[in-house]
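The structure under discussion appears below in the form of structure tokens.
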Amino acid sequence: MDRRNLLAGAGTLAAWAALPGAVRAAGEPTRIVFWHAMSAANGAEIDRIVRDFNASQSDVVLEAVYKGSYPETLTAAIAAYRGGQAPNIVQVFEVGTGTMLQAGPAVKPAWKLAEETGFKLDPSSYIPGVRGYYSLSDGKLASMPFNSSTAVMWYNKDAFEKAGLDPEKPPVTYDDYDRAARTLASKAPTPIASTTAWMPWIQFEEFAAIQNIAYATEGDGYDGLGAQLLVNGKPFVAQLQRFMDLAKDGAFKYTGRDSGPDAIFYSGQAAIGFGSSSGRADIVKNAQFRYAEALLPVEPSLNPKPNNSIIGGASLWALNAPKRTEAEYKAVAAFYAFISKPEQVALYAQHTGYVPVTVAGYDATEASGYYAKNPGTDLPVQQLERGELTANSRGLRLGRLPEIRAVIYEEIEKALQGQQSAQTAMDSAVERGNRILRDFQKSARG
Amino acid sequence: MDRRTIFPGRALPALLVLPQLALTAVFFLWPAGQAIWSSLQREDAFGTSSEFAGLENFASLFADPLYGAAVARTVLFCAAVTALSMGLALLFAVFADAEIRGRAFYRTMLVWPYAVAPAMSAVLWVLMFHPQIGLVGAWLNRIGVPWDYKLNGAEAMALIVGASAWKQVSYNFIFFLAGLQAIPRSVIEAARIDGSRGFYRFRTIVLPLLMPVVFFLLVVDLVYAAFDTFATVYALTQGGPGQSTQTLVLKVYLDGIVNADIGSSSAQSVVLMAGVIVLSALQFRFLGRKAGT
């Protein structure tokens, strides 16, 4: 064999080796990974969406991975990014938004992804409360709205009836709630009269939005990184004092952080359970009694015309990683497009208790007769759209807000134990929270 | 008498020591160096920007009264876990050392908690002591004892001390039992003949002979309580209510992993590292002197 033959042979061999590769690249779908924080009934719904998405087209295979609670999922994504292994999409809870906005090269903002891939993303198609929370100062969407909820008051109709309260007339104001809780404490068959999940979110953040009170300076953080907390103001201290008084008289019981107390309500142990509207899926599945949701109580002395409540839940963020291909970003955009179809938005809301995030999704839900058949399920949307969106009710844009929430939890837990007064608790929450905000400000500039 | 293997030359011994040195370098020196480096940086959560901060992380740590409180809390926690687990283990070992029926069964029962994974043991404790769903917890509330470790810091602390000590009793038990069995019977016999009885004999004869074991376990238990209890405590209380069960390791985790404040968290682990170095140095000195005499 002479030299030329040898070279030709090698060339053929190379061509033969390359061929199946090229064929494979054309035929095989792009694989992308989606990390989420949905468990139980809501987790099953994610699986449903992924199944439907993968079945609806053949270019992309999406794999969803449950990574634990919201904070755990965010933590995992940060660690993965630092290790160069970031997932394509991560679900980040609403209070993580401030942190994600400062993540710079780590994320691909939704508006940018839309621009690069040609996927149509119209901020005005989203309901105001959702749009306000996730958009930048120029109105562009930073992340992809997905599961938005708001806080509601769940109540046990059977317990209300047994206590002599009208099960069709849930408390409207905080004073009404106060009286109802005291009546329930003495007459209801449940061991606990009332409890609340997510206390900093529901009883302080939502409370401030609805009553049109600033939670922090600089427009709740939207206008700059120099925001200071304002939660040691009179209304907040009075709010904590109310719960401390109710707790002392056995009409309120603190049963833990985050969504932990949800189970206390749907297992029938508490007559009133403040919680996320997204608790519906689990309540429907577990509750052995008649239940209903009601609007969050209002405080007319502070604001006679209550504002909208703010959203909870999460949105989707596309992450960058070394060696990420254009096809992967296109695949992410395809998934975004799929979940923003009106029928998908409507289905997701009906299956979970999250609100339809788009106007078209809300209309589709209404047209399907779902709200008529399930009275009360449109309350969260009503609450989100009530009144006017003000600087105090569009949301919170504070860095490291999860940590600030933890601080508030700690201080109110100490107050509820009787170790400190309501004023002291909120004062030290402000002092410690501001320290966190200053640290964030420094690291964001550095 | 003295059996010693001498390897010729320098290459072979170096080669034989190499794997151990490599392990130490990869799993200890490198991460420790990283911790020291990060403790001097100020960095955002995603690590996209960082700048040299000098000793600022340490300064703000020591200026924080909550850090001082966490140190005091950890000392209290370690002391309580060590005292409880060693006390119970010694008591059990003394009884197990005696001639009783079903001794093997009794010993097995005492050793098994050591094999339970910390998170699992925490789940067991939750199922027992949860104020609403726990067997003991719900019963306490029914009979009118206001038990609620989710809101009462002192009760939460008692719970994590109990759960952590329970895990460690087995380990201590094995060492105490071995220590007791190593005491020559003749010494005990002689004491008995001299008329020394019961607790007096234990205090004057048995305990002094058991002191090396006691000291060894003291150090091991302190280190266990300070570091290895993370899983148990985290699964039980996550450091709450308030910060009443937030020990130093938990704080390192919460600040570094949950709050993504790498600088402060690294500074805390450097402080902890210094603590362990001091503790180990003390142990070597004390045990070394014991061995020398």
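Residues in the structure tokens are numbered from 1 in each chain, the chains being A, B, ... in the order shown, and ligands are numbered from 1 in the order shown.
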I'd like the neighbourhood of region 85-90 of chain B as number ranges by chain, where a residue qualifies if any of its atoms comes within 6 Å (using only C-alpha atoms), though same-chain residues fewer than 2 positions away should be ignored. B: 81-83, 92-93, 165, 169, 172-173
Please save all heavy atoms of the selected residues as a PDB file, in the first residue's frame.
```
ATOM      1  N   VAL B  81     -25.193  18.001  75.314  1.00  0.00           N
ATOM      2  CA  VAL B  81     -25.201  16.727  74.585  1.00  0.00           C
ATOM      3  C   VAL B  81     -24.136  15.799  75.157  1.00  0.00           C
ATOM      4  O   VAL B  81     -24.384  14.612  75.402  1.00  0.00           O
ATOM      5  CB  VAL B  81     -24.951  16.967  73.077  1.00  0.00           C
ATOM      6  CG1 VAL B  81     -24.689  15.657  72.363  1.00  0.00           C
ATOM      7  CG2 VAL B  81     -26.133  17.675  72.455  1.00  0.00           C
ATOM      8  N   THR B  82     -22.934  16.347  75.404  1.00  0.00           N
ATOM      9  CA  THR B  82     -21.839  15.531  75.914  1.00  0.00           C
ATOM     10  C   THR B  82     -22.170  14.975  77.292  1.00  0.00           C
ATOM     11  O   THR B  82     -22.011  13.777  77.548  1.00  0.00           O
ATOM     12  CB  THR B  82     -20.553  16.379  75.975  1.00  0.00           C
ATOM     13  OG1 THR B  82     -20.335  16.945  74.691  1.00  0.00           O
ATOM     14  CG2 THR B  82     -19.369  15.539  76.359  1.00  0.00           C
ATOM     15  N   ALA B  83     -22.653  15.843  78.181  1.00  0.00           N
ATOM     16  CA  ALA B  83     -22.958  15.402  79.542  1.00  0.00           C
ATOM     17  C   ALA B  83     -24.045  14.329  79.529  1.00  0.00           C
ATOM     18  O   ALA B  83     -23.908  13.277  80.164  1.00  0.00           O
ATOM     19  CB  ALA B  83     -23.398  16.593  80.384  1.00  0.00           C
ATOM     20  N   PHE B  92     -25.508   2.926  81.608  1.00  0.00           N
ATOM     21  CA  PHE B  92     -25.880   1.695  80.909  1.00  0.00           C
ATOM     22  C   PHE B  92     -24.722   0.707  80.898  1.00  0.00           C
ATOM     23  O   PHE B  92     -24.914  -0.495  81.066  1.00  0.00           O
ATOM     24  CB  PHE B  92     -26.309   2.001  79.464  1.00  0.00           C
ATOM     25  CG  PHE B  92     -27.581   2.780  79.365  1.00  0.00           C
ATOM     26  CD1 PHE B  92     -27.811   3.625  78.300  1.00  0.00           C
ATOM     27  CD2 PHE B  92     -28.562   2.661  80.347  1.00  0.00           C
ATOM     28  CE1 PHE B  92     -28.997   4.353  78.199  1.00  0.00           C
ATOM     29  CE2 PHE B  92     -29.744   3.379  80.265  1.00  0.00           C
ATOM     30  CZ  PHE B  92     -29.961   4.226  79.183  1.00  0.00           C
ATOM     31  N   ALA B  93     -23.503   1.231  80.690  1.00  0.00           N
ATOM     32  CA  ALA B  93     -22.341   0.343  80.583  1.00  0.00           C
ATOM     33  C   ALA B  93     -22.090  -0.352  81.911  1.00  0.00           C
ATOM     34  O   ALA B  93     -21.767  -1.548  81.954  1.00  0.00           O
ATOM     35  CB  ALA B  93     -21.114   1.133  80.148  1.00  0.00           C
ATOM     36  N   ALA B 165     -28.083  13.510  71.674  1.00  0.00           N
ATOM     37  CA  ALA B 165     -27.464  12.664  72.699  1.00  0.00           C
ATOM     38  C   ALA B 165     -27.846  11.203  72.483  1.00  0.00           C
ATOM     39  O   ALA B 165     -27.022  10.302  72.603  1.00  0.00           O
ATOM     40  CB  ALA B 165     -27.890  13.128  74.090  1.00  0.00           C
ATOM     41  N   VAL B 169     -25.219   7.994  72.467  1.00  0.00           N
ATOM     42  CA  VAL B 169     -25.139   7.107  73.624  1.00  0.00           C
ATOM     43  C   VAL B 169     -24.511   5.766  73.234  1.00  0.00           C
ATOM     44  O   VAL B 169     -23.642   5.236  73.918  1.00  0.00           O
ATOM     45  CB  VAL B 169     -26.542   6.901  74.255  1.00  0.00           C
ATOM     46  CG1 VAL B 169     -26.542   5.693  75.166  1.00  0.00           C
ATOM     47  CG2 VAL B 169     -26.947   8.135  75.023  1.00  0.00           C
ATOM     48  N   ASN B 172     -20.688   5.920  72.884  1.00  0.00           N
ATOM     49  CA  ASN B 172     -20.072   6.033  74.205  1.00  0.00           C
ATOM     50  C   ASN B 172     -20.191   4.732  74.982  1.00  0.00           C
ATOM     51  O   ASN B 172     -19.262   4.316  75.674  1.00  0.00           O
ATOM     52  CB  ASN B 172     -20.739   7.160  75.004  1.00  0.00           C
ATOM     53  CG  ASN B 172     -20.453   8.517  74.399  1.00  0.00           C
ATOM     54  OD1 ASN B 172     -19.573   8.652  73.558  1.00  0.00           O
ATOM     55  ND2 ASN B 172     -21.219   9.514  74.811  1.00  0.00           N
ATOM     56  N   PHE B 173     -21.342   4.096  74.838  1.00  0.00           N
ATOM     57  CA  PHE B 173     -21.606   2.845  75.548  1.00  0.00           C
ATOM     58  C   PHE B 173     -20.560   1.794  75.206  1.00  0.00           C
ATOM     59  O   PHE B 173     -20.004   1.135  76.087  1.00  0.00           O
ATOM     60  CB  PHE B 173     -23.019   2.366  75.189  1.00  0.00           C
ATOM     61  CG  PHE B 173     -23.349   0.987  75.659  1.00  0.00           C
ATOM     62  CD1 PHE B 173     -23.651   0.743  76.993  1.00  0.00           C
ATOM     63  CD2 PHE B 173     -23.348  -0.075  74.771  1.00  0.00           C
ATOM     64  CE1 PHE B 173     -23.955  -0.534  77.426  1.00  0.00           C
ATOM     65  CE2 PHE B 173     -23.647  -1.354  75.195  1.00  0.00           C
ATOM     66  CZ  PHE B 173     -23.952  -1.586  76.530  1.00  0.00           C
TER      67      PHE B 173
END
```
Using only C-alpha atoms, which protein or nucleic acid residues come within 10 Å of Val430 (chain A)? Drop anything in the same chain fewer than 5 positions from it, and give the result as a list in words.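 Non-adjacent residues within range: Ala216, Gln228, Leu229, Leu230, Val231, Asn232, Gly233, Ile404, Val407, Ile408, Glu411, Thr424, Ala425, Arg435 and Ile436 of chain A.
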With the cut-off set at 10 Å and counting only C-alpha atoms, tabulate each residue of chain A with an atom at most that distance from an atom of chain B, showing the nearest atom pair and its distance in Å to one decimal, ordered by chain and increasing number, as a Markdown table.
```
| residue | atom | partner | partner_atom | distance |
| --- | --- | --- | --- | --- |
| A:Pro71 | CA | B:Val258 | CA | 6.7 |
| A:Glu72 | CA | B:Val258 | CA | 7.2 |
| A:Thr73 | CA | B:Val258 | CA | 10.0 |
| A:Leu74 | CA | B:Val258 | CA | 8.6 |
| A:Thr75 | CA | B:Val258 | CA | 6.1 |
| A:Ala76 | CA | B:Ile257 | CA | 8.8 |
| A:Ala77 | CA | B:Phe46 | CA | 9.1 |
| A:Ile78 | CA | B:Phe46 | CA | 5.6 |
| A:Ala79 | CA | B:Phe46 | CA | 7.8 |
| A:Ala80 | CA | B:Phe46 | CA | 9.5 |
| A:Tyr81 | CA | B:Phe46 | CA | 7.0 |
| A:Arg82 | CA | B:Phe46 | CA | 6.4 |
| A:Thr99 | CA | B:Ala45 | CA | 7.8 |
| A:Met100 | CA | B:Phe46 | CA | 8.9 |
| A:Gln102 | CA | B:Asp44 | CA | 8.3 |
| A:Ala103 | CA | B:Phe46 | CA | 6.1 |
| A:Gly104 | CA | B:Thr48 | CA | 7.3 |
| A:Pro105 | CA | B:Thr48 | CA | 7.1 |
| A:Ala106 | CA | B:Phe46 | CA | 7.0 |
| A:Val107 | CA | B:Phe46 | CA | 9.8 |
| A:Pro191 | CA | B:Gln132 | CA | 9.5 |
| A:Lys253 | CA | B:Leu151 | CA | 9.6 |
| A:Tyr254 | CA | B:Leu151 | CA | 7.3 |
| A:Thr255 | CA | B:Lys150 | CA | 7.0 |
| A:Gly256 | CA | B:Lys150 | CA | 6.4 |
| A:Arg257 | CA | B:Pro241 | CA | 9.3 |
| A:Ile264 | CA | B:Gln132 | CA | 8.7 |
| A:Gln269 | CA | B:Gln132 | CA | 8.9 |
| A:Arg400 | CA | B:Asn259 | CA | 7.2 |
| A:Leu401 | CA | B:Asn259 | CA | 9.5 |
| A:Pro402 | CA | B:Asn259 | CA | 7.7 |
| A:Glu403 | CA | B:Asn259 | CA | 6.0 |
| A:Ile404 | CA | B:Asn259 | CA | 9.6 |
| A:Ala406 | CA | B:Gly242 | CA | 9.0 |
| A:Val407 | CA | B:Gly242 | CA | 8.2 |
| A:Ile408 | CA | B:Gly242 | CA | 9.0 |
| A:Tyr409 | CA | B:Gly242 | CA | 6.9 |
| A:Glu410 | CA | B:Gly242 | CA | 3.7 |
| A:Glu411 | CA | B:Gly242 | CA | 6.1 |
| A:Ile412 | CA | B:Gly242 | CA | 7.7 |
| A:Glu413 | CA | B:Gly242 | CA | 5.4 |
| A:Lys414 | CA | B:Gly242 | CA | 5.5 |
| A:Ala415 | CA | B:Gly242 | CA | 9.0 |
| A:Leu416 | CA | B:Leu151 | CA | 7.5 |
| A:Gln417 | CA | B:Asn152 | CA | 6.1 |
| A:Gly418 | CA | B:Asn152 | CA | 9.4 |
| A:Gln419 | CA | B:Gly153 | CA | 9.8 |
| A:Arg432 | CA | B:Asp64 | CA | 9.9 |
| A:Ile436 | CA | B:Asp261 | CA | 9.8 |
| A:Asp439 | CA | B:Asp261 | CA | 9.1 |
| A:Phe440 | CA | B:Asp44 | CA | 7.6 |
| A:Gln441 | CA | B:Asp44 | CA | 9.6 |
| A:Lys442 | CA | B:Arg42 | CA | 8.3 |
| A:Ser443 | CA | B:Asp44 | CA | 5.1 |
| A:Ala444 | CA | B:Asp44 | CA | 6.2 |
| A:Arg445 | CA | B:Ser49 | CA | 8.7 |
| A:Gly446 | CA | B:Glu51 | CA | 6.2 |
```
Non-local contacts of Gly376 (chain A) (10 Å; only C-alpha atoms; under 6 positions in same chain excluded) as an mmCIF file with C-alpha atoms, in the first residue's frame:
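Final output, saved to result.cif:
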```
data_model
loop_
_atom_site.group_PDB
_atom_site.id
_atom_site.type_symbol
_atom_site.label_atom_id
_atom_site.label_comp_id
_atom_site.auth_asym_id
_atom_site.auth_seq_id
_atom_site.Cartn_x
_atom_site.Cartn_y
_atom_site.Cartn_z
ATOM 1 C CA ALA A 292 -64.213 27.752 50.867
ATOM 2 C CA GLU A 293 -61.735 30.466 50.123
ATOM 3 C CA ALA A 294 -62.310 34.114 50.939
ATOM 4 C CA LEU A 295 -60.518 37.376 50.232
ATOM 5 C CA GLN A 382 -60.485 39.405 41.605
#
```
Members of region 8-53 of chain B assigned strand (DSSP E) by DSSP, as an MDAnalysis selection string: chainID B and resid 41:43 50:52
Excluding region 174-176 of chain A and its own-chain neighbours fewer than 3 positions away, which residues fall within 8 Å of it when counting only C-alpha atoms? Please give them as a CSV table (one decimal) with N, CA, C and O atoms, in the first residue's frame.
```csv
chain,number,residue,atom,x,y,z
A,171,PRO,N,-65.3,36.4,57.3
A,171,PRO,CA,-64.9,37.7,57.8
A,171,PRO,C,-64.3,38.6,56.7
A,171,PRO,O,-63.6,38.1,55.8
A,179,ARG,N,-63.0,38.7,65.7
A,179,ARG,CA,-64.2,38.2,66.4
A,179,ARG,C,-64.5,36.8,66.1
A,179,ARG,O,-64.8,36.0,66.9
A,180,ALA,N,-64.4,36.5,64.8
A,180,ALA,CA,-64.7,35.1,64.3
A,180,ALA,C,-63.7,34.1,65.0
A,180,ALA,O,-64.1,33.1,65.5
A,297,PRO,N,-58.5,39.5,54.7
A,297,PRO,CA,-59.2,40.6,55.5
A,297,PRO,C,-58.6,41.9,55.1
A,297,PRO,O,-57.4,42.0,54.7
A,298,VAL,N,-59.4,43.0,55.3
A,298,VAL,CA,-58.8,44.3,55.0
A,298,VAL,C,-58.9,45.1,56.3
A,298,VAL,O,-59.5,44.7,57.3
A,299,GLU,N,-58.3,46.3,56.3
A,299,GLU,CA,-58.2,47.1,57.5
A,299,GLU,C,-58.7,48.5,57.0
A,299,GLU,O,-58.0,49.4,56.6
```
Interatomic distance, CA of Val26 (chain B) to CA of Pro13 (chain B) (Å, one decimal):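 The value is 20.2 Å.
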Could you tell me how far CA of Arg73 (chain B) sits from CA of Leu218 (chain B), in Å to one decimal place?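 That distance, rounded to one decimal, is 18.5 Å.
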So which residues touch Pro261 (chain A) within 8 Å, counting only C-alpha atoms, skipping near sequence neighbours fewer than 6 positions away, as a list in words?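 That gives Thr195, Thr196, Ala197, Thr255 and Gly273 of chain A.
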Dump of all heavy atoms for the selected residues, as a compact mmCIF listing (two decimals), in the first residue's frame:
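Result written to out-v4.txt:
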```
# COMPACT_ATOMS: atom_id res chain seq x y z
N THR A 195 -54.94 29.74 61.95
CA THR A 195 -53.49 29.68 61.79
C THR A 195 -53.15 30.31 60.45
O THR A 195 -54.04 30.62 59.66
CB THR A 195 -52.96 28.25 61.88
OG1 THR A 195 -51.53 28.28 61.92
CG2 THR A 195 -53.40 27.40 60.69
N THR A 196 -51.87 30.52 60.21
CA THR A 196 -51.49 31.10 58.92
C THR A 196 -50.22 30.46 58.40
O THR A 196 -49.29 30.18 59.14
CB THR A 196 -51.29 32.63 59.02
OG1 THR A 196 -50.97 33.15 57.73
CG2 THR A 196 -50.19 33.01 60.00
N ALA A 197 -50.20 30.22 57.09
CA ALA A 197 -48.96 29.83 56.42
C ALA A 197 -48.24 31.12 56.04
O ALA A 197 -48.83 32.20 56.09
CB ALA A 197 -49.27 29.01 55.18
N THR A 255 -48.15 27.85 63.55
CA THR A 255 -47.85 26.42 63.37
C THR A 255 -46.70 26.18 62.41
O THR A 255 -46.61 25.13 61.80
CB THR A 255 -49.10 25.66 62.86
OG1 THR A 255 -49.61 26.37 61.73
CG2 THR A 255 -50.16 25.59 63.91
N GLY A 273 -57.48 28.96 57.92
CA GLY A 273 -56.08 28.82 57.57
C GLY A 273 -55.72 29.75 56.44
O GLY A 273 -56.11 29.54 55.31
```
Need to verify the contact set: region 35-42 of chain A, 7 Å, only C-alpha atoms, exclusion of same-chain residues closer than 6 positions in sequence. Can you return it as a PyMOL selection string? chain A and resi 64-70+73+87+89-91+281-282+352
Would you work out the distance separating CA of Gly263 (chain B) from CA of Ser38 (chain B), expressed in Å to one decimal?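 Rounded to one decimal, the two atoms are 5.6 Å apart.
When only C-alpha atoms are used to measure the gap to Pro212 (chain B), the shortest distance among B:Thr245, B:Ser121, B:Gln283, B:Asn57 belongs to B:Gln283.
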Can you check which residues of region 33-228 of chain B DSSP gives as alpha helix (DSSP H) on the backbone and send them as a ChimeraX atom specification? /B:33-39,56-63,65-97,103-111,118-129,135-142,153-182,185-193,198-201,207-223
